[in-house]
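J.: My questions all concern the structure below.
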Amino acid sequence: MMDVMKKRQKYPSRRKNHISSQKKDLLGSVIFDMDGVIVDNMKYHKKAWEMFLKKYAPDIDVEEFSEHFGKVNKDLLKIVFQREISDEEESRFGEEKEALYRELYAEDIAPTCGLVDFLQELKEKSVKTAVASAAPKVNVDFVFEKTGLRPYFDVTIDANDVTRGKPDPEIYLKTAKKLNCPPEACLVFEDSMPGVQAGRNAGMRVIGVATSHPADKLKETEFVIKDFTEINFETIRDYLIVTG
């Protein structure tokens with residue numbers, strides 16, 4: 001049994017009775033957040049926000065501000081400027097901050113430890129996978145181009161595809177629909193509190209990834225890992241088999 005940072009909760013029994021004998025087991029899908037999950041990049045986002053805050057809102061503490069990471073940029077910019085943000089401002093200020101992030105991270109970018117092996121195993125088991133990120137499309141493309149991870153994912157959703165940020169479940173419900181998989185058969189990997197809440201609000205099970213926050217802050221998850229070296233298909237199998 002692999003060492004996890006939080007004991008896995010027991011999964012309800014799926015023993016069939018004579019009434020449900022004609023039903024078949026459904027193999028679910030795995031959905032990954034991007035920032036802090038498929039890439040361990042949050043310290044670079046944090047540094048970029050620190051630079052941005054120093055310019056526009058020096059009274060805001062970046063440590064406290066980081067508790068909101070996982071939300072879409074429009075919601076984060078509302079916190080920075082303490083007012084509603086127009087679409088033009090969202091685009092202009094958002095790209096200013098994201099350009100800082102990409103410049104800081106470009107030389108160091110790499111998949112999270114153990115991720116590629118895990119994704120390969122999921123493909124071998126015919127498990128569909130997706131990225132559901134609150135990041136703008138330019139950042140998703142940046143990560144895929146620099147890491148070569150794009151072929152591992154069947155579906156990609158980014159900030160352009162949603163109108164409501166996490167913890168609203170919209171992003172995960174849309175991803176499940178594109179995967180043609182019922183929400184209750186989806187397993188989510190998340191590193192942020194708003195992301196964990198979004199997954200649970202969508203009716204999905206969530207595994208925490210403790211890259212951005214301590215494990216004890218990722219409450220309401222099935223269990224928490226530090227990276228993907230601690231997990232394989234057998235670890236998550238019971239979370240993916242749903243009787244339909």
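Every chain in the structure tokens takes a letter, A first, then B, and so on in the order presented; its residues are numbered from 1, and the ligands are numbered from 1 following the presented order.
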Env of Glu184 (chain A): 9 Å cut, atoms = only C-alpha atoms, seq-sep filter 4 positions within chain, self excluded. Answer as a PyMOL selection string.

T.: chain A and resi 28+202-205+240+242

J.: Quick one: pick out all helix (DSSP H, G or I) residues within region 21-236 of chain A from a backbone DSSP run and write them as a PyMOL selection string.

T.: chain A and resi 42-56+62-68+73-81+87-105+115-124+137-147+150-152+159-161+170-179+183-185+193-201+215-217+228-230+233-236

J.: Using C-alpha atoms, can you export the residues from the last selection as an mmCIF file, in the first residue's frame?

T.:
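Once everything was written out, this is again02.cif:
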data_model
loop_
_atom_site.group_PDB
_atom_site.id
_atom_site.type_symbol
_atom_site.label_atom_id
_atom_site.label_comp_id
_atom_site.auth_asym_id
_atom_site.auth_seq_id
_atom_site.Cartn_x
_atom_site.Cartn_y
_atom_site.Cartn_z
ATOM 1 C CA MET A 42 2.409 27.813 -7.876
ATOM 2 C CA LYS A 43 5.543 29.436 -6.479
ATOM 3 C CA TYR A 44 5.999 31.094 -9.877
ATOM 4 C CA HIS A 45 2.393 32.307 -9.911
ATOM 5 C CA LYS A 46 2.888 33.563 -6.378
ATOM 6 C CA LYS A 47 6.019 35.487 -7.362
ATOM 7 C CA ALA A 48 4.240 36.984 -10.384
ATOM 8 C CA TRP A 49 1.318 38.070 -8.200
ATOM 9 C CA GLU A 50 3.754 39.501 -5.663
ATOM 10 C CA MET A 51 5.267 41.673 -8.396
ATOM 11 C CA PHE A 52 1.810 42.650 -9.652
ATOM 12 C CA LEU A 53 0.559 43.523 -6.157
ATOM 13 C CA LYS A 54 3.646 45.615 -5.447
ATOM 14 C CA LYS A 55 2.729 47.745 -8.467
ATOM 15 C CA TYR A 56 -1.048 48.010 -8.026
ATOM 16 C CA VAL A 62 0.607 37.958 -1.018
ATOM 17 C CA GLU A 63 0.413 35.147 1.553
ATOM 18 C CA GLU A 64 -3.190 35.988 2.384
ATOM 19 C CA PHE A 65 -3.942 36.619 -1.286
ATOM 20 C CA SER A 66 -2.638 33.160 -2.197
ATOM 21 C CA GLU A 67 -5.551 31.598 -0.295
ATOM 22 C CA HIS A 68 -7.678 32.617 -3.280
ATOM 23 C CA ASN A 73 -8.348 36.001 -12.871
ATOM 24 C CA LYS A 74 -11.430 38.220 -12.934
ATOM 25 C CA ASP A 75 -12.284 37.219 -9.372
ATOM 26 C CA LEU A 76 -8.669 37.684 -8.266
ATOM 27 C CA LEU A 77 -8.466 41.118 -9.893
ATOM 28 C CA LYS A 78 -11.637 42.187 -8.074
ATOM 29 C CA ILE A 79 -9.778 41.472 -4.832
ATOM 30 C CA VAL A 80 -6.740 43.446 -6.010
ATOM 31 C CA PHE A 81 -8.660 46.553 -7.099
ATOM 32 C CA ASP A 87 -13.771 42.611 -19.592
ATOM 33 C CA GLU A 88 -11.152 44.939 -21.082
ATOM 34 C CA GLU A 89 -9.431 45.327 -17.703
ATOM 35 C CA GLU A 90 -9.571 41.597 -17.097
ATOM 36 C CA SER A 91 -7.807 40.990 -20.397
ATOM 37 C CA ARG A 92 -5.225 43.764 -19.961
ATOM 38 C CA PHE A 93 -4.314 43.246 -16.297
ATOM 39 C CA GLY A 94 -4.643 39.495 -16.537
ATOM 40 C CA GLU A 95 -2.204 39.260 -19.415
ATOM 41 C CA GLU A 96 0.224 41.585 -17.618
ATOM 42 C CA LYS A 97 0.327 39.226 -14.657
ATOM 43 C CA GLU A 98 0.370 36.021 -16.757
ATOM 44 C CA ALA A 99 3.225 37.295 -18.900
ATOM 45 C CA LEU A 100 5.250 37.768 -15.710
ATOM 46 C CA TYR A 101 4.429 34.191 -14.692
ATOM 47 C CA ARG A 102 5.409 32.669 -18.044
ATOM 48 C CA GLU A 103 8.699 34.581 -18.078
ATOM 49 C CA LEU A 104 9.543 33.402 -14.560
ATOM 50 C CA TYR A 105 8.600 29.758 -15.214
ATOM 51 C CA LEU A 115 2.690 12.337 -13.579
ATOM 52 C CA VAL A 116 3.816 10.989 -16.956
ATOM 53 C CA ASP A 117 4.026 7.402 -15.686
ATOM 54 C CA PHE A 118 0.590 7.748 -14.102
ATOM 55 C CA LEU A 119 -0.935 9.163 -17.299
ATOM 56 C CA GLN A 120 0.606 6.378 -19.356
ATOM 57 C CA GLU A 121 -0.909 3.796 -17.025
ATOM 58 C CA LEU A 122 -4.339 5.421 -17.272
ATOM 59 C CA LYS A 123 -4.116 5.283 -21.070
ATOM 60 C CA GLU A 124 -3.177 1.609 -20.921
ATOM 61 C CA LYS A 137 -5.956 29.463 -22.690
ATOM 62 C CA VAL A 138 -2.556 31.037 -23.349
ATOM 63 C CA ASN A 139 -1.238 29.525 -20.103
ATOM 64 C CA VAL A 140 -2.700 26.096 -20.859
ATOM 65 C CA ASP A 141 -1.075 26.170 -24.303
ATOM 66 C CA PHE A 142 2.200 27.321 -22.701
ATOM 67 C CA VAL A 143 2.209 24.331 -20.321
ATOM 68 C CA PHE A 144 1.306 21.814 -23.030
ATOM 69 C CA GLU A 145 3.904 23.132 -25.475
ATOM 70 C CA LYS A 146 6.704 23.203 -22.895
ATOM 71 C CA THR A 147 5.947 19.809 -21.313
ATOM 72 C CA ARG A 150 -1.183 17.484 -24.549
ATOM 73 C CA PRO A 151 -1.481 13.982 -26.146
ATOM 74 C CA TYR A 152 -2.248 12.423 -22.760
ATOM 75 C CA ALA A 159 -11.066 29.915 -18.424
ATOM 76 C CA ASN A 160 -12.483 30.788 -21.850
ATOM 77 C CA ASP A 161 -14.982 27.929 -21.540
ATOM 78 C CA GLU A 170 -19.413 24.721 -13.712
ATOM 79 C CA ILE A 171 -15.915 23.874 -14.935
ATOM 80 C CA TYR A 172 -16.103 20.279 -13.712
ATOM 81 C CA LEU A 173 -19.653 19.690 -14.908
ATOM 82 C CA LYS A 174 -18.723 20.949 -18.390
ATOM 83 C CA THR A 175 -15.651 18.725 -18.408
ATOM 84 C CA ALA A 176 -17.688 15.667 -17.442
ATOM 85 C CA LYS A 177 -20.156 16.441 -20.232
ATOM 86 C CA LYS A 178 -17.338 16.661 -22.802
ATOM 87 C CA LEU A 179 -15.938 13.369 -21.493
ATOM 88 C CA PRO A 183 -20.117 13.414 -12.617
ATOM 89 C CA GLU A 184 -20.316 10.677 -9.990
ATOM 90 C CA ALA A 185 -17.928 8.576 -12.100
ATOM 91 C CA MET A 193 -9.380 24.830 -1.549
ATOM 92 C CA PRO A 194 -11.705 26.472 -4.117
ATOM 93 C CA GLY A 195 -10.881 23.651 -6.536
ATOM 94 C CA VAL A 196 -11.642 20.933 -3.997
ATOM 95 C CA GLN A 197 -14.965 22.610 -3.250
ATOM 96 C CA ALA A 198 -15.759 22.882 -6.978
ATOM 97 C CA GLY A 199 -15.143 19.180 -7.514
ATOM 98 C CA ARG A 200 -17.283 18.191 -4.564
ATOM 99 C CA ASN A 201 -20.008 20.645 -5.583
ATOM 100 C CA ALA A 215 -2.248 18.523 3.395
ATOM 101 C CA ASP A 216 -4.310 19.601 6.403
ATOM 102 C CA LYS A 217 -5.751 22.491 4.385
ATOM 103 C CA PHE A 228 2.066 11.269 -8.468
ATOM 104 C CA THR A 229 4.862 8.936 -7.385
ATOM 105 C CA GLU A 230 2.512 8.010 -4.512
ATOM 106 C CA PHE A 233 -4.274 2.864 -11.153
ATOM 107 C CA GLU A 234 -4.873 0.308 -8.405
ATOM 108 C CA THR A 235 -4.856 3.098 -5.803
ATOM 109 C CA ILE A 236 -7.773 4.860 -7.493
#

J.: Counting only C-alpha atoms, which residue out of A:Ala135, A:Ile231, A:Val162, A:Ile157 sits closest to Lys71 (chain A)?

T.: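 Of A:Ala135, A:Ile231, A:Val162, A:Ile157, the one nearest Lys71 (chain A) is A:Ala135, counting only C-alpha atoms.
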
J.: Ranking A:Asp168, A:Glu107, A:Asp59, A:Asp40 by minimum distance to Val72 (chain A) and counting only C-alpha atoms, which one comes first?

T.: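 Using only C-alpha atoms, Val72 (chain A) sits closest to A:Asp168.
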
J.: I need the residue nearest Asp35 (chain A) from this list: A:Asp238, A:Asp61, A:Asp191, A:Asp227. Use only C-alpha atoms for the distance.

T.: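 Looking only at the distances to Asp35 (chain A), the closest residue turns out to be A:Asp191.
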
J.: Neighbours of Ile31 (chain A) within 7 Å (only C-alpha atoms; same-chain residues fewer than 5 positions away dropped), as number ranges by chain?

T.: A: 129-132, 186-189

J.: Generate a file of the selected residues that holds N, CA and C atoms, formatted as a CSV table (one decimal), in the first residue's frame.

T.:
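Here's the written file part_32.csv:
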chain,number,residue,atom,x,y,z
A,129,THR,N,-9.1,11.0,-19.8
A,129,THR,CA,-8.5,12.0,-18.9
A,129,THR,C,-8.8,13.4,-19.4
A,130,ALA,N,-8.8,14.4,-18.5
A,130,ALA,CA,-9.1,15.8,-19.0
A,130,ALA,C,-8.3,16.7,-18.1
A,131,VAL,N,-8.0,17.9,-18.6
A,131,VAL,CA,-7.5,19.0,-17.8
A,131,VAL,C,-8.7,20.0,-17.7
A,132,ALA,N,-9.0,20.5,-16.5
A,132,ALA,CA,-10.0,21.5,-16.2
A,132,ALA,C,-9.3,22.6,-15.4
A,186,CYS,N,-16.5,10.6,-12.1
A,186,CYS,CA,-15.3,11.3,-12.3
A,186,CYS,C,-14.5,11.5,-11.0
A,187,LEU,N,-13.2,11.4,-11.1
A,187,LEU,CA,-12.3,11.6,-10.0
A,187,LEU,C,-11.4,12.8,-10.4
A,188,VAL,N,-11.3,13.7,-9.4
A,188,VAL,CA,-10.6,15.0,-9.6
A,188,VAL,C,-9.4,15.1,-8.8
A,189,PHE,N,-8.3,15.6,-9.4
A,189,PHE,CA,-7.1,15.9,-8.7
A,189,PHE,C,-7.0,17.5,-8.6
